[in-house]
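Visitor: Structure below; questions to follow.
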Amino acid sequence: MTTAVPLAWYLILSAILFGLGVAGFVFRRNIITVFMSIELMLNAVNLSFVAFSYQLRQTDGHIYTFFVMVVAAAEAAVGLAIILTVFKNRATLEIDEVSDLKN
Amino acid sequence: MDIFLFILFASIAVFCAVNVVVQTHPITSALSLVGVMGALAVLYLLLGAEFIAAAQIVVYAGAIMVLFVFVIMLLNAGGEAKSAGRSQMVRWLGIPLFTIFIGLLSYIVQRAVPAGPGVSFGQFTGGTPRDVGRLLFTQYLLPFEATSVLVLIAILGAVVLARKEIE
């Protein structure tokens with residue numbers, strides 16, 4: 001017996017992961033954890049892409065997922081370099097204390 | 001079998017994702033994120049995306065997360081301080097409201113997505129490295145080349161930002 005999984009379940013899982021990513025992005029105050037929440041959101045979107053690709057029987061969604069991965073890698077490299085610089089200059093990782101542009 | 005695998009790995013993904021958000025120490029969050037990515041790789045395999053599943057493990061769980069762990073260890077990041085000045089209402093209302101939000105969202109998605117035959121393993125075989133590669137080097141050649149420039153700029157940016165100042 002092979003029961004098929006409804007496509008909607010994959011999309012709901014994707015939505016849950018994206019929501020958790022947003023929650024982490026908004027509520028956490030450690031820069032690195034905020035950054036990891038962004039990666040979580042990107043992963044959730046990738047799952048949607050692949051699920052729709054399956055539904056439409058087209059490979060294009062996989063290509064988009066591939067590009068998202070490449071952009072995520074580039075973003076991680078630059079973002080972590082920025083975090084290193086911030087930490088070198090201020091010795092803190094709390095985003096509330098890096099608020100020079102606020103006033 | 002399909003439905004069992006989906007539920008198992010979807011639960012792992014959600015559990016690890018919750019762990020990413022609620023843990024106070026960054027290294028625990030990072031390891032939970034690796035768990036999310038591994039579970040998602042299995043789901044990609046169920047969806048017939050072999051190349052993407054492999055790339056997920058190699059690029060995300062392998063390269064990006066190692067970079068994260070390196071930085072966490074380099075900075076010797078400790079646990080987050082207790083959140084002061086945040087109202088208690090957020091703490092008690094947040095989780096129920098989030099659950100209600102997810103419930104409504106699931107209802108809407110369930111209504112909006114047409115009930116097809118569903119996803120069963122092996123029905124779609126267009127995700128092999130051969131198919132992805134053919135599409136990538138014909139129809140999507142220009143974006144692919146643009147991506148290589150983007151990665152080059154990212155490398156230069158990372159080197160410039162993280163370099164030591166020379167007096």
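The way I read the labels, and the way they are meant: chains A, B, ... in the order of the structure tokens, residue 1 as the first residue of every chain, and ligand 1 as the first ligand shown, with later ones counted on from there.
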For Thr92 in chain A, find every residue with an atom within 10 Å (counting only C-alpha atoms), except residues of its own chain fewer than 5 positions away, and show them as a list in words.
Guide: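 So the residues in contact are Asn30, Ile31, Ile83, Val86, Phe87, Glu97 and Val98 of chain A; Leu75 and Ala77 of chain B.
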Visitor: Keeping C-alpha atoms, export the residues of the selection given above as an mmCIF file, in the first residue's frame.
Guide:
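To be explicit, this is the file written out as result-v8.cif:
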data_model
loop_
_atom_site.group_PDB
_atom_site.id
_atom_site.type_symbol
_atom_site.label_atom_id
_atom_site.label_comp_id
_atom_site.auth_asym_id
_atom_site.auth_seq_id
_atom_site.Cartn_x
_atom_site.Cartn_y
_atom_site.Cartn_z
ATOM 1 C CA ASN A 30 21.705 37.415 18.835
ATOM 2 C CA ILE A 31 22.942 38.399 15.364
ATOM 3 C CA ILE A 83 29.267 39.958 11.860
ATOM 4 C CA VAL A 86 30.871 44.240 14.053
ATOM 5 C CA PHE A 87 32.193 41.991 16.781
ATOM 6 C CA GLU A 97 23.319 47.446 21.026
ATOM 7 C CA VAL A 98 24.167 48.051 17.376
ATOM 8 C CA LEU B 75 33.674 34.722 18.358
ATOM 9 C CA ALA B 77 29.532 33.446 21.359
#
Visitor: Determine, counting only C-alpha atoms, which protein, DNA and RNA residues have an atom within 12 Å of an atom of range 16-26 of chain A; residues of the same chain fewer than 4 positions away are not included. Present the result as a PyMOL selection string.
Guide: (chain A and resi 9-12+30-48+95-96) or (chain B and resi 10-24+29+33+36-37+40+90+94-95+97-106+109)
Visitor: Identify, on the basis of only C-alpha atoms, every residue whose closest approach to Val70 in chain A does not exceed 10 Å; exclude the query and any residue fewer than 6 positions from it along the same chain; express the result as number ranges by chain.
Guide: A: 64, 76; B: 59-60, 144, 147-148, 150-151
Visitor: May I have the residues from that selection written out with N, CA and C atoms, as a PDB file, in the first residue's frame?
Guide:
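Writing the result to part15.pdb gives the following:
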ATOM      1  N   TYR A  64      15.465  27.049  -9.818  1.00  0.00           N
ATOM      2  CA  TYR A  64      15.318  28.193  -8.922  1.00  0.00           C
ATOM      3  C   TYR A  64      15.875  27.864  -7.542  1.00  0.00           C
ATOM      4  N   ALA A  76      25.680  34.198   3.085  1.00  0.00           N
ATOM      5  CA  ALA A  76      26.279  33.732   4.329  1.00  0.00           C
ATOM      6  C   ALA A  76      27.716  34.211   4.440  1.00  0.00           C
TER       7      ALA A  76
ATOM      8  N   VAL B  59      25.906  21.691   0.068  1.00  0.00           N
ATOM      9  CA  VAL B  59      26.068  23.140   0.150  1.00  0.00           C
ATOM     10  C   VAL B  59      25.567  23.674   1.495  1.00  0.00           C
ATOM     11  N   TYR B  60      24.327  23.309   1.840  1.00  0.00           N
ATOM     12  CA  TYR B  60      23.767  23.892   3.073  1.00  0.00           C
ATOM     13  C   TYR B  60      24.361  23.259   4.316  1.00  0.00           C
ATOM     14  N   PHE B 144      22.925  31.590 -14.867  1.00  0.00           N
ATOM     15  CA  PHE B 144      24.010  30.802 -14.288  1.00  0.00           C
ATOM     16  C   PHE B 144      25.323  31.579 -14.333  1.00  0.00           C
ATOM     17  N   THR B 147      25.310  34.305 -11.880  1.00  0.00           N
ATOM     18  CA  THR B 147      25.556  33.789 -10.537  1.00  0.00           C
ATOM     19  C   THR B 147      27.044  33.668 -10.249  1.00  0.00           C
ATOM     20  N   SER B 148      27.817  33.269 -11.281  1.00  0.00           N
ATOM     21  CA  SER B 148      29.255  33.122 -11.037  1.00  0.00           C
ATOM     22  C   SER B 148      29.878  34.472 -10.704  1.00  0.00           C
ATOM     23  N   LEU B 150      28.253  36.916  -9.256  1.00  0.00           N
ATOM     24  CA  LEU B 150      27.776  37.219  -7.911  1.00  0.00           C
ATOM     25  C   LEU B 150      28.647  36.550  -6.854  1.00  0.00           C
ATOM     26  N   VAL B 151      28.973  35.278  -7.087  1.00  0.00           N
ATOM     27  CA  VAL B 151      29.780  34.556  -6.099  1.00  0.00           C
ATOM     28  C   VAL B 151      31.177  35.165  -6.005  1.00  0.00           C
TER      29      VAL B 151
END
Visitor: Which residues of range 8-103 of chain A have any atom within 10 Å of an atom in range 110-134 of chain B when counting only C-alpha atoms, and what is the closest pair of atoms for each, with the distance in Å to one decimal? Order the rows by chain and rising number and write it as a Markdown table.
Guide:
| residue | atom | partner | partner_atom | distance |
| --- | --- | --- | --- | --- |
| A:Ala8 | CA | B:Gln110 | CA | 5.7 |
| A:Trp9 | CA | B:Gln110 | CA | 8.0 |
| A:Tyr10 | CA | B:Val119 | CA | 9.2 |
| A:Leu11 | CA | B:Gln110 | CA | 9.0 |
| A:Ile12 | CA | B:Gln110 | CA | 8.2 |
| A:Val50 | CA | B:Gly127 | CA | 9.5 |
| A:Ala51 | CA | B:Val119 | CA | 8.7 |
| A:Ser53 | CA | B:Gly127 | CA | 9.2 |
| A:Tyr54 | CA | B:Phe124 | CA | 6.5 |
| A:Gln55 | CA | B:Val119 | CA | 7.9 |
| A:Leu56 | CA | B:Phe124 | CA | 9.7 |
| A:Arg57 | CA | B:Phe124 | CA | 6.5 |
| A:Gln58 | CA | B:Gly126 | CA | 6.9 |
| A:Thr59 | CA | B:Gly126 | CA | 5.8 |
| A:Asp60 | CA | B:Val132 | CA | 8.2 |
| A:Gly61 | CA | B:Gly127 | CA | 9.6 |
| A:His62 | CA | B:Val132 | CA | 7.1 |
| A:Ile63 | CA | B:Val132 | CA | 6.8 |
| A:Phe66 | CA | B:Val132 | CA | 9.4 |
Visitor: Print the selection's residues with N, CA and C atoms to a file, as a PDB file, in the first residue's frame.
Guide:
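Resulting contents of out-v7.pdb:
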ATOM      1  N   ALA A   8      -0.725  19.630  -0.583  1.00  0.00           N
ATOM      2  CA  ALA A   8      -0.948  20.713   0.381  1.00  0.00           C
ATOM      3  C   ALA A   8      -0.121  20.510   1.641  1.00  0.00           C
ATOM      4  N   TRP A   9       0.140  19.256   2.021  1.00  0.00           N
ATOM      5  CA  TRP A   9       0.909  19.025   3.245  1.00  0.00           C
ATOM      6  C   TRP A   9       2.309  19.590   3.123  1.00  0.00           C
ATOM      7  N   TYR A  10       2.916  19.412   1.944  1.00  0.00           N
ATOM      8  CA  TYR A  10       4.252  19.972   1.751  1.00  0.00           C
ATOM      9  C   TYR A  10       4.221  21.495   1.874  1.00  0.00           C
ATOM     10  N   LEU A  11       3.156  22.093   1.293  1.00  0.00           N
ATOM     11  CA  LEU A  11       3.079  23.558   1.340  1.00  0.00           C
ATOM     12  C   LEU A  11       2.834  24.039   2.765  1.00  0.00           C
ATOM     13  N   ILE A  12       2.025  23.270   3.518  1.00  0.00           N
ATOM     14  CA  ILE A  12       1.776  23.658   4.905  1.00  0.00           C
ATOM     15  C   ILE A  12       3.066  23.554   5.720  1.00  0.00           C
ATOM     16  N   VAL A  50      10.286  23.106  -4.834  1.00  0.00           N
ATOM     17  CA  VAL A  50      10.429  21.710  -5.269  1.00  0.00           C
ATOM     18  C   VAL A  50       9.065  21.028  -5.310  1.00  0.00           C
ATOM     19  N   ALA A  51       8.182  21.358  -4.344  1.00  0.00           N
ATOM     20  CA  ALA A  51       6.850  20.744  -4.335  1.00  0.00           C
ATOM     21  C   ALA A  51       6.057  21.147  -5.572  1.00  0.00           C
ATOM     22  N   SER A  53       7.320  22.120  -8.362  1.00  0.00           N
ATOM     23  CA  SER A  53       7.994  21.513  -9.491  1.00  0.00           C
ATOM     24  C   SER A  53       7.487  20.096  -9.709  1.00  0.00           C
ATOM     25  N   TYR A  54       7.272  19.388  -8.596  1.00  0.00           N
ATOM     26  CA  TYR A  54       6.716  18.041  -8.718  1.00  0.00           C
ATOM     27  C   TYR A  54       5.307  18.086  -9.300  1.00  0.00           C
ATOM     28  N   GLN A  55       4.501  18.991  -8.777  1.00  0.00           N
ATOM     29  CA  GLN A  55       3.094  19.048  -9.192  1.00  0.00           C
ATOM     30  C   GLN A  55       2.964  19.360 -10.680  1.00  0.00           C
ATOM     31  N   LEU A  56       3.822  20.267 -11.185  1.00  0.00           N
ATOM     32  CA  LEU A  56       3.737  20.676 -12.589  1.00  0.00           C
ATOM     33  C   LEU A  56       4.563  19.782 -13.490  1.00  0.00           C
ATOM     34  N   ARG A  57       5.278  18.809 -12.913  1.00  0.00           N
ATOM     35  CA  ARG A  57       6.131  17.897 -13.685  1.00  0.00           C
ATOM     36  C   ARG A  57       7.147  18.659 -14.519  1.00  0.00           C
ATOM     37  N   GLN A  58       7.728  19.718 -13.958  1.00  0.00           N
ATOM     38  CA  GLN A  58       8.745  20.496 -14.654  1.00  0.00           C
ATOM     39  C   GLN A  58       9.967  20.636 -13.763  1.00  0.00           C
ATOM     40  N   THR A  59      11.129  20.712 -14.372  1.00  0.00           N
ATOM     41  CA  THR A  59      12.365  20.779 -13.600  1.00  0.00           C
ATOM     42  C   THR A  59      12.724  22.215 -13.225  1.00  0.00           C
ATOM     43  N   ASP A  60      11.988  23.198 -13.748  1.00  0.00           N
ATOM     44  CA  ASP A  60      12.377  24.597 -13.551  1.00  0.00           C
ATOM     45  C   ASP A  60      12.476  24.972 -12.073  1.00  0.00           C
ATOM     46  N   GLY A  61      11.574  24.433 -11.261  1.00  0.00           N
ATOM     47  CA  GLY A  61      11.618  24.746  -9.827  1.00  0.00           C
ATOM     48  C   GLY A  61      12.939  24.348  -9.205  1.00  0.00           C
ATOM     49  N   HIS A  62      13.520  23.247  -9.671  1.00  0.00           N
ATOM     50  CA  HIS A  62      14.809  22.814  -9.134  1.00  0.00           C
ATOM     51  C   HIS A  62      15.899  23.830  -9.443  1.00  0.00           C
ATOM     52  N   ILE A  63      15.796  24.431 -10.654  1.00  0.00           N
ATOM     53  CA  ILE A  63      16.803  25.427 -11.044  1.00  0.00           C
ATOM     54  C   ILE A  63      16.718  26.633 -10.091  1.00  0.00           C
ATOM     55  N   PHE A  66      18.240  25.850  -6.898  1.00  0.00           N
ATOM     56  CA  PHE A  66      19.699  25.885  -7.025  1.00  0.00           C
ATOM     57  C   PHE A  66      20.212  27.323  -6.916  1.00  0.00           C
TER      58      PHE A  66
END
Visitor: Considering only C-alpha atoms, state which residue in the set A:Gly79, A:Arg90, A:Phe67, A:Phe52 is at the smallest distance from Tyr140 in chain B.
Guide: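 Going through A:Gly79, A:Arg90, A:Phe67, A:Phe52 one by one, the smallest distance to Tyr140 in chain B is for A:Phe67.
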Visitor: Kindly give the distance, in Å, that separates CA of Ala30 in chain B and CA of Val69 in chain B, rounded to a single decimal.
Guide: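 We find that CA of Ala30 in chain B and CA of Val69 in chain B lie 6.9 Å from each other.
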Visitor: Assign secondary structure with DSSP using the backbone only, and return the residues of range 25-113 of chain B in alpha helix (DSSP H) as JSON, numbers by chain.
Guide: {"B": [26, 27, 28, 29, 30, 31, 32, 33, 34, 35, 36, 37, 38, 39, 40, 41, 42, 43, 44, 45, 46, 50, 51, 52, 53, 54, 55, 65, 66, 67, 68, 69, 70, 71, 72, 73, 74, 75, 88, 89, 90, 91, 92, 93, 94, 95, 96, 97, 98, 99, 100, 101, 102, 103, 104, 105, 106, 107, 108, 109, 110, 111, 112]}
Visitor: Between B:Leu93, B:Met73, B:Leu31, B:Ala49, which one has atoms that come closest to chain A, using only C-alpha atoms?
Guide: B:Ala49
Visitor: Which of these residues is nearest to chain B, using only C-alpha atoms: A:Val78, A:Phe27, A:Ser14, A:Lys102?
Guide: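 Among the listed residues, A:Val78 lies closest to chain B.
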